[in-house]
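Source file: model.csv. Holds: CSV, C-alpha atoms and all ligand atoms.
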```
chain,number,residue,atom,x,y,z
A,440,MET,CA,16.8,11.1,15.5
A,441,THR,CA,17.0,9.7,12.0
A,442,LYS,CA,18.4,11.8,9.2
A,443,ILE,CA,16.1,10.5,6.4
A,444,ASP,CA,18.0,11.9,3.4
A,445,LYS,CA,20.5,9.1,3.9
A,446,TYR,CA,18.0,6.6,2.6
A,447,GLY,CA,17.8,7.9,-0.9
A,448,PRO,CA,16.1,10.6,-3.1
A,449,TRP,CA,12.6,9.1,-3.3
A,450,ALA,CA,10.0,7.6,-1.0
A,451,ILE,CA,6.9,5.7,-1.7
A,452,VAL,CA,3.9,6.4,0.5
A,453,ALA,CA,1.3,3.6,-0.1
A,454,GLY,CA,-2.0,5.2,1.0
A,455,ALA,CA,-1.1,8.9,0.6
A,456,SER,CA,-4.3,10.6,-0.3
A,457,ASP,CA,-5.4,11.6,3.2
A,458,GLY,CA,-4.8,11.1,7.0
A,459,THR,CA,-1.5,9.7,8.1
A,460,GLY,CA,-0.4,8.9,4.6
A,461,GLN,CA,-0.9,12.6,3.5
A,462,ALA,CA,1.0,13.6,6.7
A,463,PHE,CA,3.8,11.3,5.8
A,464,ALA,CA,4.1,12.8,2.3
A,465,GLU,CA,4.2,16.3,3.8
A,466,GLU,CA,6.8,15.3,6.4
A,467,LEU,CA,9.0,13.6,3.8
A,468,ALA,CA,8.7,16.7,1.6
A,469,ARG,CA,9.8,18.9,4.6
A,470,HIS,CA,13.0,16.8,4.7
A,471,GLY,CA,13.5,17.3,1.0
A,472,VAL,CA,12.6,13.7,0.0
A,473,ASN,CA,10.7,13.3,-3.3
A,474,VAL,CA,7.4,11.3,-3.0
A,475,VAL,CA,5.6,8.7,-5.0
A,476,MET,CA,2.0,8.9,-3.8
A,477,VAL,CA,-0.2,5.9,-4.1
A,478,ALA,CA,-3.9,5.5,-3.5
A,479,ARG,CA,-7.2,5.0,-5.4
A,480,ARG,CA,-8.5,8.7,-5.4
A,481,LYS,CA,-6.3,10.3,-8.0
A,482,ALA,CA,-7.7,13.8,-7.7
A,483,LEU,CA,-7.0,13.9,-4.0
A,484,LEU,CA,-3.5,12.6,-4.6
A,485,GLU,CA,-2.9,15.3,-7.2
A,486,ALA,CA,-4.2,18.0,-4.9
A,487,VAL,CA,-1.9,16.9,-2.1
A,488,ALA,CA,1.1,16.4,-4.5
A,489,GLY,CA,0.5,19.9,-5.9
A,490,GLN,CA,1.2,21.4,-2.4
A,491,LEU,CA,4.5,19.6,-1.8
A,492,PRO,CA,7.8,21.5,-2.4
A,493,VAL,CA,9.5,18.4,-3.9
A,494,ALA,CA,9.2,16.2,-7.0
A,495,THR,CA,6.2,13.9,-6.8
A,496,ARG,CA,4.7,11.1,-8.8
A,497,VAL,CA,1.1,10.1,-8.5
A,498,VAL,CA,0.3,6.4,-9.0
A,499,GLU,CA,-3.4,5.6,-9.0
A,500,LEU,CA,-3.7,2.0,-7.7
A,501,ASP,CA,-6.0,-0.3,-5.8
A,502,LEU,CA,-3.7,-2.1,-3.5
A,503,SER,CA,-6.3,-4.8,-3.1
A,504,ASP,CA,-5.7,-5.8,-6.8
A,505,PRO,CA,-3.5,-8.9,-7.2
A,506,GLY,CA,-1.2,-7.1,-9.7
A,507,ALA,CA,-0.9,-3.8,-7.7
A,508,ILE,CA,2.7,-4.1,-6.5
A,509,ASP,CA,3.9,-5.3,-10.0
A,510,ALA,CA,2.2,-2.2,-11.4
A,511,LEU,CA,3.9,0.0,-8.7
A,512,ALA,CA,7.3,-1.5,-9.4
A,513,GLN,CA,6.8,-0.7,-13.1
A,514,ALA,CA,5.6,2.8,-12.4
A,515,THR,CA,8.7,3.5,-10.3
A,516,SER,CA,11.4,1.5,-12.2
A,517,ASP,CA,13.3,4.7,-13.2
A,518,LEU,CA,13.5,6.0,-9.6
A,519,GLU,CA,15.7,5.1,-6.7
A,520,ILE,CA,13.2,4.3,-3.9
A,521,GLY,CA,15.0,4.7,-0.6
A,522,LEU,CA,12.0,4.6,1.7
A,523,LEU,CA,8.8,2.6,1.6
A,524,ILE,CA,6.0,3.7,3.9
A,525,TYR,CA,3.1,1.2,3.7
A,526,ASN,CA,0.3,3.1,5.3
A,527,ALA,CA,-3.0,1.9,3.6
A,528,GLY,CA,-4.6,-0.6,5.9
A,529,GLY,CA,-7.5,0.8,7.9
A,530,ASP,CA,-10.8,-1.0,8.3
A,531,GLY,CA,-13.7,1.0,7.3
A,532,VAL,CA,-16.2,-1.9,7.7
A,533,ASN,CA,-15.7,-3.0,11.4
A,534,LEU,CA,-18.1,-5.8,11.3
A,535,PRO,CA,-17.8,-9.4,12.6
A,536,LEU,CA,-16.3,-11.8,10.1
A,537,LEU,CA,-19.5,-13.5,9.1
A,538,ASP,CA,-21.3,-10.2,8.4
A,539,ARG,CA,-18.7,-9.4,5.8
A,540,ASP,CA,-18.6,-10.3,2.2
A,541,ILE,CA,-15.9,-12.9,1.4
A,542,ALA,CA,-14.8,-11.1,-1.8
A,543,GLU,CA,-14.3,-7.8,0.1
A,544,LEU,CA,-12.4,-9.7,2.7
A,545,ARG,CA,-10.0,-11.3,0.1
A,546,GLY,CA,-9.2,-7.8,-1.1
A,547,PHE,CA,-8.8,-6.5,2.4
A,548,VAL,CA,-6.3,-9.3,3.2
A,549,ARG,CA,-4.5,-8.8,-0.1
A,550,ARG,CA,-4.0,-5.0,0.6
A,551,ASN,CA,-3.0,-5.5,4.2
A,552,CYS,CA,-0.8,-8.6,3.9
A,553,MET,CA,0.1,-9.9,0.4
A,554,ALA,CA,0.8,-6.5,-1.1
A,555,VAL,CA,2.8,-5.4,2.0
A,556,MET,CA,5.0,-8.5,1.6
A,557,GLU,CA,5.4,-8.1,-2.1
A,558,ALA,CA,6.3,-4.4,-1.7
A,559,CYS,CA,8.9,-5.3,1.0
A,560,HIS,CA,10.3,-8.1,-1.2
A,561,HIS,CA,10.6,-5.8,-4.3
A,562,PHE,CA,11.6,-2.4,-2.8
A,563,GLY,CA,13.3,-3.8,0.3
A,564,GLY,CA,15.3,-6.2,-1.9
A,565,LEU,CA,16.6,-3.2,-4.0
A,566,MET,CA,17.4,-1.3,-0.9
A,567,ARG,CA,19.3,-4.2,0.6
A,568,SER,CA,21.3,-4.5,-2.6
A,569,ARG,CA,22.2,-0.8,-2.4
A,570,ARG,CA,22.9,-1.2,1.4
A,571,ARG,CA,20.7,1.7,2.3
A,572,GLY,CA,17.0,2.2,2.8
A,573,GLY,CA,14.1,2.4,5.2
A,574,VAL,CA,10.7,0.7,5.5
A,575,VAL,CA,7.8,1.7,7.8
A,576,LEU,CA,4.9,-0.7,8.0
A,577,VAL,CA,1.9,1.0,9.7
A,578,THR,CA,0.2,-1.4,12.1
A,579,SER,CA,-2.1,-1.0,15.1
A,580,GLY,CA,-2.7,-1.8,18.7
A,581,ALA,CA,-5.2,-4.2,17.3
A,582,ALA,CA,-2.2,-6.4,16.5
A,583,TRP,CA,-1.4,-7.1,20.1
A,584,CYS,CA,-4.2,-9.8,20.5
A,585,GLY,CA,-7.5,-10.8,19.1
A,586,GLY,CA,-10.8,-9.1,19.9
A,587,LYS,CA,-14.5,-9.2,19.0
A,588,GLY,CA,-15.2,-7.3,15.7
A,589,LEU,CA,-11.5,-7.2,14.9
A,590,ALA,CA,-11.0,-10.6,13.3
A,591,PRO,CA,-9.6,-9.6,9.8
A,592,TYR,CA,-8.3,-6.2,10.9
A,593,GLY,CA,-6.3,-7.4,14.0
A,594,ALA,CA,-5.1,-10.5,12.2
A,595,THR,CA,-3.7,-8.6,9.2
A,596,LYS,CA,-2.1,-5.9,11.5
A,597,ALA,CA,-0.4,-8.7,13.4
A,598,PHE,CA,0.9,-10.0,10.1
A,599,ASP,CA,2.4,-6.5,9.4
A,600,LEU,CA,3.8,-6.2,12.9
A,601,ILE,CA,5.6,-9.6,12.7
A,602,LEU,CA,6.7,-9.0,9.1
A,603,ALA,CA,8.3,-5.6,10.1
A,604,GLU,CA,10.0,-6.9,13.2
A,605,SER,CA,11.4,-9.9,11.3
A,606,LEU,CA,12.7,-7.8,8.4
A,607,TRP,CA,14.2,-5.4,11.0
A,608,ALA,CA,16.2,-8.4,12.3
A,609,GLU,CA,17.0,-9.7,8.8
A,610,TRP,CA,18.2,-6.4,7.3
A,611,ARG,CA,19.6,-4.5,10.3
A,612,ASP,CA,23.2,-5.3,9.3
A,613,ASP,CA,22.6,-4.5,5.6
A,614,GLY,CA,21.9,-0.8,6.0
A,615,VAL,CA,18.1,-1.0,5.8
A,616,ASP,CA,16.1,0.3,8.8
A,617,VAL,CA,12.6,-1.3,9.3
A,618,LEU,CA,10.0,0.0,11.7
A,619,ALA,CA,6.7,-1.5,12.8
A,620,LEU,CA,4.7,1.7,13.6
A,621,VAL,CA,1.9,0.8,16.1
A,622,LEU,CA,-0.9,3.3,16.1
A,623,GLY,CA,-3.8,3.8,18.5
A,624,ALA,CA,-6.9,5.7,17.5
A,625,THR,CA,-5.8,8.4,15.1
A,626,ASP,CA,-7.8,11.3,13.6
A,627,THR,CA,-8.0,10.2,10.0
A,628,PRO,CA,-10.9,10.6,7.5
A,629,SER,CA,-11.2,6.9,7.4
A,630,LEU,CA,-11.6,6.5,11.2
A,631,ARG,CA,-14.0,9.5,11.2
A,632,ARG,CA,-16.2,7.9,8.5
A,633,SER,CA,-16.3,4.7,10.4
A,634,LEU,CA,-17.1,6.3,13.7
A,635,ALA,CA,-19.7,8.5,12.1
A,636,ARG,CA,-21.4,5.5,10.5
A,637,LEU,CA,-21.4,3.7,13.9
A,638,GLY,CA,-22.1,6.7,16.0
A,639,GLY,CA,-18.9,6.2,18.0
A,640,GLN,CA,-16.6,8.4,20.1
A,641,LEU,CA,-14.3,11.0,18.7
A,642,ASP,CA,-12.3,12.1,21.8
A,643,GLY,CA,-8.6,11.7,22.4
A,644,LEU,CA,-7.5,10.8,18.8
A,645,ALA,CA,-3.9,11.2,17.8
A,646,ASP,CA,-2.9,13.9,15.3
A,647,PRO,CA,-1.7,12.4,12.0
A,648,GLY,CA,1.0,15.1,11.5
A,649,ALA,CA,2.4,14.4,15.0
A,650,VAL,CA,2.4,10.7,14.2
A,651,ALA,CA,4.3,11.2,10.9
A,652,THR,CA,6.8,13.5,12.5
A,653,ALA,CA,7.5,11.0,15.3
A,654,ALA,CA,7.7,8.0,13.0
A,655,ILE,CA,10.2,9.6,10.6
A,656,ALA,CA,12.3,10.8,13.6
A,657,HIS,CA,12.3,7.3,15.0
A,658,LEU,CA,12.7,5.3,11.8
A,659,GLY,CA,16.1,4.1,13.1
A,660,ASP,CA,14.7,3.0,16.5
A,661,GLY,CA,13.1,-0.2,15.3
A,662,PRO,CA,11.9,-2.8,15.4
A,663,THR,CA,8.8,-1.4,16.9
A,664,TRP,CA,7.6,2.1,17.8
A,665,SER,CA,4.2,2.5,19.6
A,666,TYR,CA,3.1,6.1,19.0
A,667,GLY,CA,1.7,7.8,22.1
A,668,MET,CA,2.4,4.9,24.6
A,669,PRO,CA,4.1,5.7,27.9
A,670,ASP,CA,7.0,3.4,26.7
A,671,GLU,CA,7.0,3.7,22.9
A,672,ARG,CA,9.7,1.0,22.6
A,673,GLY,CA,8.1,-1.2,25.2
A,674,PRO,CA,6.2,-4.5,25.2
A,675,SER,CA,2.6,-5.0,24.3
A,676,PRO,CA,0.6,-3.2,27.0
A,677,LEU,CA,-1.5,-6.4,27.2
A,678,GLY,CA,1.5,-8.7,27.4
A,679,ALA,CA,1.3,-9.4,31.1
A,680,LEU,CA,-2.3,-10.5,31.0
A,681,PRO,CA,-3.5,-14.1,30.4
A,682,ARG,CA,-4.5,-14.3,26.8
A,683,ARG,CA,-8.2,-14.6,27.6
A,684,GLU,CA,-8.2,-11.4,29.7
A,685,ALA,CA,-6.3,-9.7,26.9
A,686,VAL,CA,-8.9,-10.7,24.3
A,687,GLU,CA,-11.7,-9.6,26.6
A,688,LEU,CA,-10.1,-6.3,27.2
A,689,MET,CA,-9.5,-5.7,23.5
A,690,SER,CA,-13.1,-6.7,22.7
A,691,ALA,CA,-14.3,-4.1,25.3
A,692,GLY,CA,-12.0,-1.4,24.0
A,693,SER,CA,-13.2,-1.9,20.4
A,694,ALA,CA,-16.8,-1.9,21.5
A,695,ALA,CA,-16.3,1.3,23.5
A,696,LEU,CA,-14.6,3.1,20.6
A,697,HIS,CA,-17.5,2.2,18.3
A,698,ALA,CA,-20.3,2.6,20.8
A,699,PRO,CA,-22.9,5.3,20.1
A,700,ARG,CA,-22.2,8.5,22.1
A,701,GLU,CA,-24.6,9.0,25.1
A,801,LIG,N1,-7.0,5.8,12.1
A,801,LIG,C1,-6.8,5.1,13.2
A,801,LIG,O1,-7.4,5.2,14.2
A,801,LIG,C2,-5.8,3.9,13.1
A,801,LIG,C3,-5.5,3.2,14.3
A,801,LIG,C4,-4.5,2.2,14.3
A,801,LIG,C5,-3.9,2.0,13.1
A,801,LIG,N2,-4.1,2.7,12.0
A,801,LIG,C6,-3.4,2.3,10.8
A,801,LIG,O2,-3.1,3.5,10.1
A,801,LIG,C7,-3.1,3.3,8.7
A,801,LIG,C8,-3.9,4.4,8.0
A,801,LIG,O3,-5.2,4.3,8.5
A,801,LIG,P1,-6.4,5.3,8.1
A,801,LIG,O4,-7.3,5.4,9.2
A,801,LIG,O5,-5.9,6.5,7.5
A,801,LIG,O6,-7.2,4.5,7.0
A,801,LIG,P2,-7.0,3.9,5.5
A,801,LIG,O7,-8.3,3.3,5.1
A,801,LIG,O8,-5.9,2.9,5.6
A,801,LIG,O9,-6.7,5.1,4.5
A,801,LIG,C9,-5.4,5.6,4.4
A,801,LIG,C10,-5.0,5.8,3.0
A,801,LIG,O10,-4.9,4.5,2.3
A,801,LIG,C11,-5.5,4.6,1.1
A,801,LIG,N3,-6.1,3.3,0.7
A,801,LIG,C12,-7.0,2.6,1.4
A,801,LIG,N4,-7.4,1.5,0.8
A,801,LIG,C13,-6.6,1.5,-0.4
A,801,LIG,C14,-6.5,0.6,-1.5
A,801,LIG,N5,-7.3,-0.5,-1.5
A,801,LIG,N6,-5.6,0.9,-2.5
A,801,LIG,C15,-4.9,2.0,-2.4
A,801,LIG,N7,-4.9,2.9,-1.4
A,801,LIG,C16,-5.8,2.7,-0.4
A,801,LIG,C17,-6.6,5.7,1.2
A,801,LIG,O11,-6.8,6.4,0.0
A,801,LIG,P3,-7.9,6.1,-1.1
A,801,LIG,O12,-9.2,5.9,-0.4
A,801,LIG,O13,-7.8,7.3,-2.0
A,801,LIG,O14,-7.4,4.8,-1.8
A,801,LIG,C18,-5.9,6.7,2.2
A,801,LIG,O15,-5.0,7.6,1.5
A,801,LIG,C19,-3.6,1.9,8.5
A,801,LIG,O16,-2.6,1.0,8.3
A,801,LIG,C20,-4.3,1.6,9.8
A,801,LIG,O17,-4.3,0.2,10.1
A,801,LIG,C21,-5.1,3.6,12.0
```
Take the structure I supplied and represent it as structure tokens, if you would.
Amino acid sequence: MTKIDKYGPWAIVAGASDGTGQAFAEELARHGVNVVMVARRKALLEAVAGQLPVATRVVELDLSDPGAIDALAQATSDLEIGLLIYNAGGDGVNLPLLDRDIAELRGFVRRNCMAVMEACHHFGGLMRSRRRGGVVLVTSGAAWCGGKGLAPYGATKAFDLILAESLWAEWRDDGVDVLALVLGATDTPSLRRSLARLGGQLDGLADPGAVATAAIAHLGDGPTWSYGMPDERGPSPLGALPRREAVELMSAGSAALHAPRE
């Protein structure tokens, strides 16, 4: 189990206004860690922050904007950020690539890849120079291989998975823990909106509070923690399959999740 107060007095949760991000903020507060809460919906952030028994700072930002991480660095320059939890990254659109607008896709990739790398570079760099810190990049089972309807989502989540695993290897001797947190279907407002729009299934979703509790407890068990899997430290569940079969299975799984209920 990781004692998270060793990382420092403040954490950033990028994407903290609802779902797993809100649950992360609440879990950190339970451990006495102060929280910088980032998202676009300021009123929601303020409502969540107002319930937390620790110091908070609300930073209203669109992580799809090219200058977002520079703005976040500036907004937190007076704080020692010991933990970075990059949670924002869901796909509320779930359409094949050519059915999506290219401007929307650019922002999507900026939020899920470029901003994640910039945040790791800035905040992780400061952590490494202090020789203490922790980083959690929230990724997805969609990162294990490609699948129909998952082109930008799965590709960006694979970027986050490989980034986190690589930084774990680069920083492990420097006192900075890094965790790629792989989630399956989780009961967040974003997923619920997406399923409601498509008429998809809602059974068997993971609980965001349980996800946040487990992830914080296992922050030191990197590089990769797959929440809810029989072997949470284990390989890709699709890893033994030929790539074509894996892609076909991923495509069928995505279609089933988003299929209208009978
Ligand atoms: N839910 C699932 O079933 C599931 C499954 C596998 C992996 N995951 C991963 O879990 C993480 C959270 O997913 P989620 O379902 O909660 O959806 P999400 O759409 O990533 O929303 C999570 C948080 O991110 C914020 N956010 C989204 N876009 C933002 C932007 N452009 N700028 C700033 N903040 C932004 C949202 O607040 P605002 O709208 O207020 O900005 C919200 O607080 C993601 O990384 C996702 O890939 C989720």
- d(atom CA of A:Val498, atom CA of A:Ala486) in Å: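 Those two atoms sit 13.1 Å apart.
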Sorted by chain and rising residue number, which residues of chain A lie within 6 Å of ligand LIG 801 (chain A), and what are their closest atom pairs and distances in Å to one decimal, counting all atoms listed in the file, as a tab-separated table?
```
residue	atom	partner	partner_atom	distance
A:Gly454	CA	A:LIG801	O10	3.3
A:Ala455	CA	A:LIG801	O15	4.2
A:Ser456	CA	A:LIG801	O15	3.6
A:Asp457	CA	A:LIG801	O15	4.4
A:Gly458	CA	A:LIG801	O5	4.8
A:Thr459	CA	A:LIG801	O5	5.5
A:Gly460	CA	A:LIG801	O15	5.7
A:Ala478	CA	A:LIG801	N7	3.5
A:Arg479	CA	A:LIG801	O14	3.6
A:Arg480	CA	A:LIG801	O13	3.7
A:Leu500	CA	A:LIG801	C15	5.4
A:Asp501	CA	A:LIG801	N6	3.5
A:Leu502	CA	A:LIG801	N6	3.7
A:Ser503	CA	A:LIG801	N5	4.7
A:Asn526	CA	A:LIG801	O16	4.7
A:Ala527	CA	A:LIG801	O10	3.5
A:Gly528	CA	A:LIG801	O16	3.5
A:Gly529	CA	A:LIG801	O8	3.5
A:Asp530	CA	A:LIG801	O7	5.9
A:Arg550	CA	A:LIG801	N5	6.0
A:Val577	CA	A:LIG801	O16	4.7
A:Thr578	CA	A:LIG801	O17	5.2
A:Ser579	CA	A:LIG801	C5	4.0
A:Leu622	CA	A:LIG801	C4	4.2
A:Gly623	CA	A:LIG801	C4	4.5
A:Ala624	CA	A:LIG801	O1	3.4
A:Thr625	CA	A:LIG801	O1	3.7
A:Asp626	CA	A:LIG801	N1	5.8
A:Thr627	CA	A:LIG801	O4	4.9
A:Ser629	CA	A:LIG801	O4	4.5
A:Leu630	CA	A:LIG801	N1	4.7
```
- Could you tell me how far atom CA of A:Gln640 lies from atom CA of A:Ala694, in Å and to one decimal?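 These two atoms are separated by 10.4 Å.
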- Message: Applying 12 Å and only C-alpha atoms, which residues near A:Val475 remain after dropping the ones on its own chain fewer than 5 positions away? List them as number ranges by chain.
- Response: A: 448-456, 460-461, 463-465, 467-468, 484-485, 487-488, 491, 493-500, 511-512, 514-525
Writer output for current selection, C-alpha atoms, as a PDB file, in the coordinates of the input:
```pdb
ATOM      1  CA  PRO A 448      16.100  10.600  -3.100  1.00  0.00           C
ATOM      2  CA  TRP A 449      12.600   9.100  -3.300  1.00  0.00           C
ATOM      3  CA  ALA A 450      10.000   7.600  -1.000  1.00  0.00           C
ATOM      4  CA  ILE A 451       6.900   5.700  -1.700  1.00  0.00           C
ATOM      5  CA  VAL A 452       3.900   6.400   0.500  1.00  0.00           C
ATOM      6  CA  ALA A 453       1.300   3.600  -0.100  1.00  0.00           C
ATOM      7  CA  GLY A 454      -2.000   5.200   1.000  1.00  0.00           C
ATOM      8  CA  ALA A 455      -1.100   8.900   0.600  1.00  0.00           C
ATOM      9  CA  SER A 456      -4.300  10.600  -0.300  1.00  0.00           C
ATOM     10  CA  GLY A 460      -0.400   8.900   4.600  1.00  0.00           C
ATOM     11  CA  GLN A 461      -0.900  12.600   3.500  1.00  0.00           C
ATOM     12  CA  PHE A 463       3.800  11.300   5.800  1.00  0.00           C
ATOM     13  CA  ALA A 464       4.100  12.800   2.300  1.00  0.00           C
ATOM     14  CA  GLU A 465       4.200  16.300   3.800  1.00  0.00           C
ATOM     15  CA  LEU A 467       9.000  13.600   3.800  1.00  0.00           C
ATOM     16  CA  ALA A 468       8.700  16.700   1.600  1.00  0.00           C
ATOM     17  CA  LEU A 484      -3.500  12.600  -4.600  1.00  0.00           C
ATOM     18  CA  GLU A 485      -2.900  15.300  -7.200  1.00  0.00           C
ATOM     19  CA  VAL A 487      -1.900  16.900  -2.100  1.00  0.00           C
ATOM     20  CA  ALA A 488       1.100  16.400  -4.500  1.00  0.00           C
ATOM     21  CA  LEU A 491       4.500  19.600  -1.800  1.00  0.00           C
ATOM     22  CA  VAL A 493       9.500  18.400  -3.900  1.00  0.00           C
ATOM     23  CA  ALA A 494       9.200  16.200  -7.000  1.00  0.00           C
ATOM     24  CA  THR A 495       6.200  13.900  -6.800  1.00  0.00           C
ATOM     25  CA  ARG A 496       4.700  11.100  -8.800  1.00  0.00           C
ATOM     26  CA  VAL A 497       1.100  10.100  -8.500  1.00  0.00           C
ATOM     27  CA  VAL A 498       0.300   6.400  -9.000  1.00  0.00           C
ATOM     28  CA  GLU A 499      -3.400   5.600  -9.000  1.00  0.00           C
ATOM     29  CA  LEU A 500      -3.700   2.000  -7.700  1.00  0.00           C
ATOM     30  CA  LEU A 511       3.900   0.000  -8.700  1.00  0.00           C
ATOM     31  CA  ALA A 512       7.300  -1.500  -9.400  1.00  0.00           C
ATOM     32  CA  ALA A 514       5.600   2.800 -12.400  1.00  0.00           C
ATOM     33  CA  THR A 515       8.700   3.500 -10.300  1.00  0.00           C
ATOM     34  CA  SER A 516      11.400   1.500 -12.200  1.00  0.00           C
ATOM     35  CA  ASP A 517      13.300   4.700 -13.200  1.00  0.00           C
ATOM     36  CA  LEU A 518      13.500   6.000  -9.600  1.00  0.00           C
ATOM     37  CA  GLU A 519      15.700   5.100  -6.700  1.00  0.00           C
ATOM     38  CA  ILE A 520      13.200   4.300  -3.900  1.00  0.00           C
ATOM     39  CA  GLY A 521      15.000   4.700  -0.600  1.00  0.00           C
ATOM     40  CA  LEU A 522      12.000   4.600   1.700  1.00  0.00           C
ATOM     41  CA  LEU A 523       8.800   2.600   1.600  1.00  0.00           C
ATOM     42  CA  ILE A 524       6.000   3.700   3.900  1.00  0.00           C
ATOM     43  CA  TYR A 525       3.100   1.200   3.700  1.00  0.00           C
TER      44      TYR A 525
END
```
- Selected residue of minimal separation from A:Ala679 among A:Ser568, A:Val617, A:Ile541, A:Cys584, counting all atoms listed in the file: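 Looking only at the distances to A:Ala679, the closest residue turns out to be A:Cys584.
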- Message: At a cut-off of 10 Å, using all atoms listed in the file, what residues contact A:Val621? Leave out same-chain residues fewer than 5 positions from it and give the result as a list in words.
- Response: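 Everything that qualifies: Leu576, Val577, Thr578, Ser579, Gly580, Ala581, Ala582, Trp583, Lys596, Asp599, Leu600, Ala654, Thr663, Trp664, Ser665, Tyr666, Gly667, Met668 and Glu671 of chain A.
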- Query: Which of these, A:Pro505, A:Gly586, A:Pro591, A:Gly564, has the shortest distance to A:Leu537 once you count all atoms listed in the file?
  - Reply: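 Looking at the shortest contact to A:Leu537, the residue is A:Pro591.
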- Of the candidates A:Thr595, A:Gly588, A:Leu534, A:Leu688, which one gets nearest to A:Gly546 if we count all atoms listed in the file?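 Of A:Thr595, A:Gly588, A:Leu534, A:Leu688, the one nearest A:Gly546, counting all atoms listed in the file, is A:Thr595.
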- Query: What does the distance from atom CA of A:Leu618 to atom CA of A:Glu604 come to in Å, to one decimal?
  - Reply: 7.1 Å
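Taking all atoms listed in the file into account, A:Gly447 lies nearest to A:Arg569 out of the set A:Arg636, A:Arg569, A:Lys481, A:Arg611.
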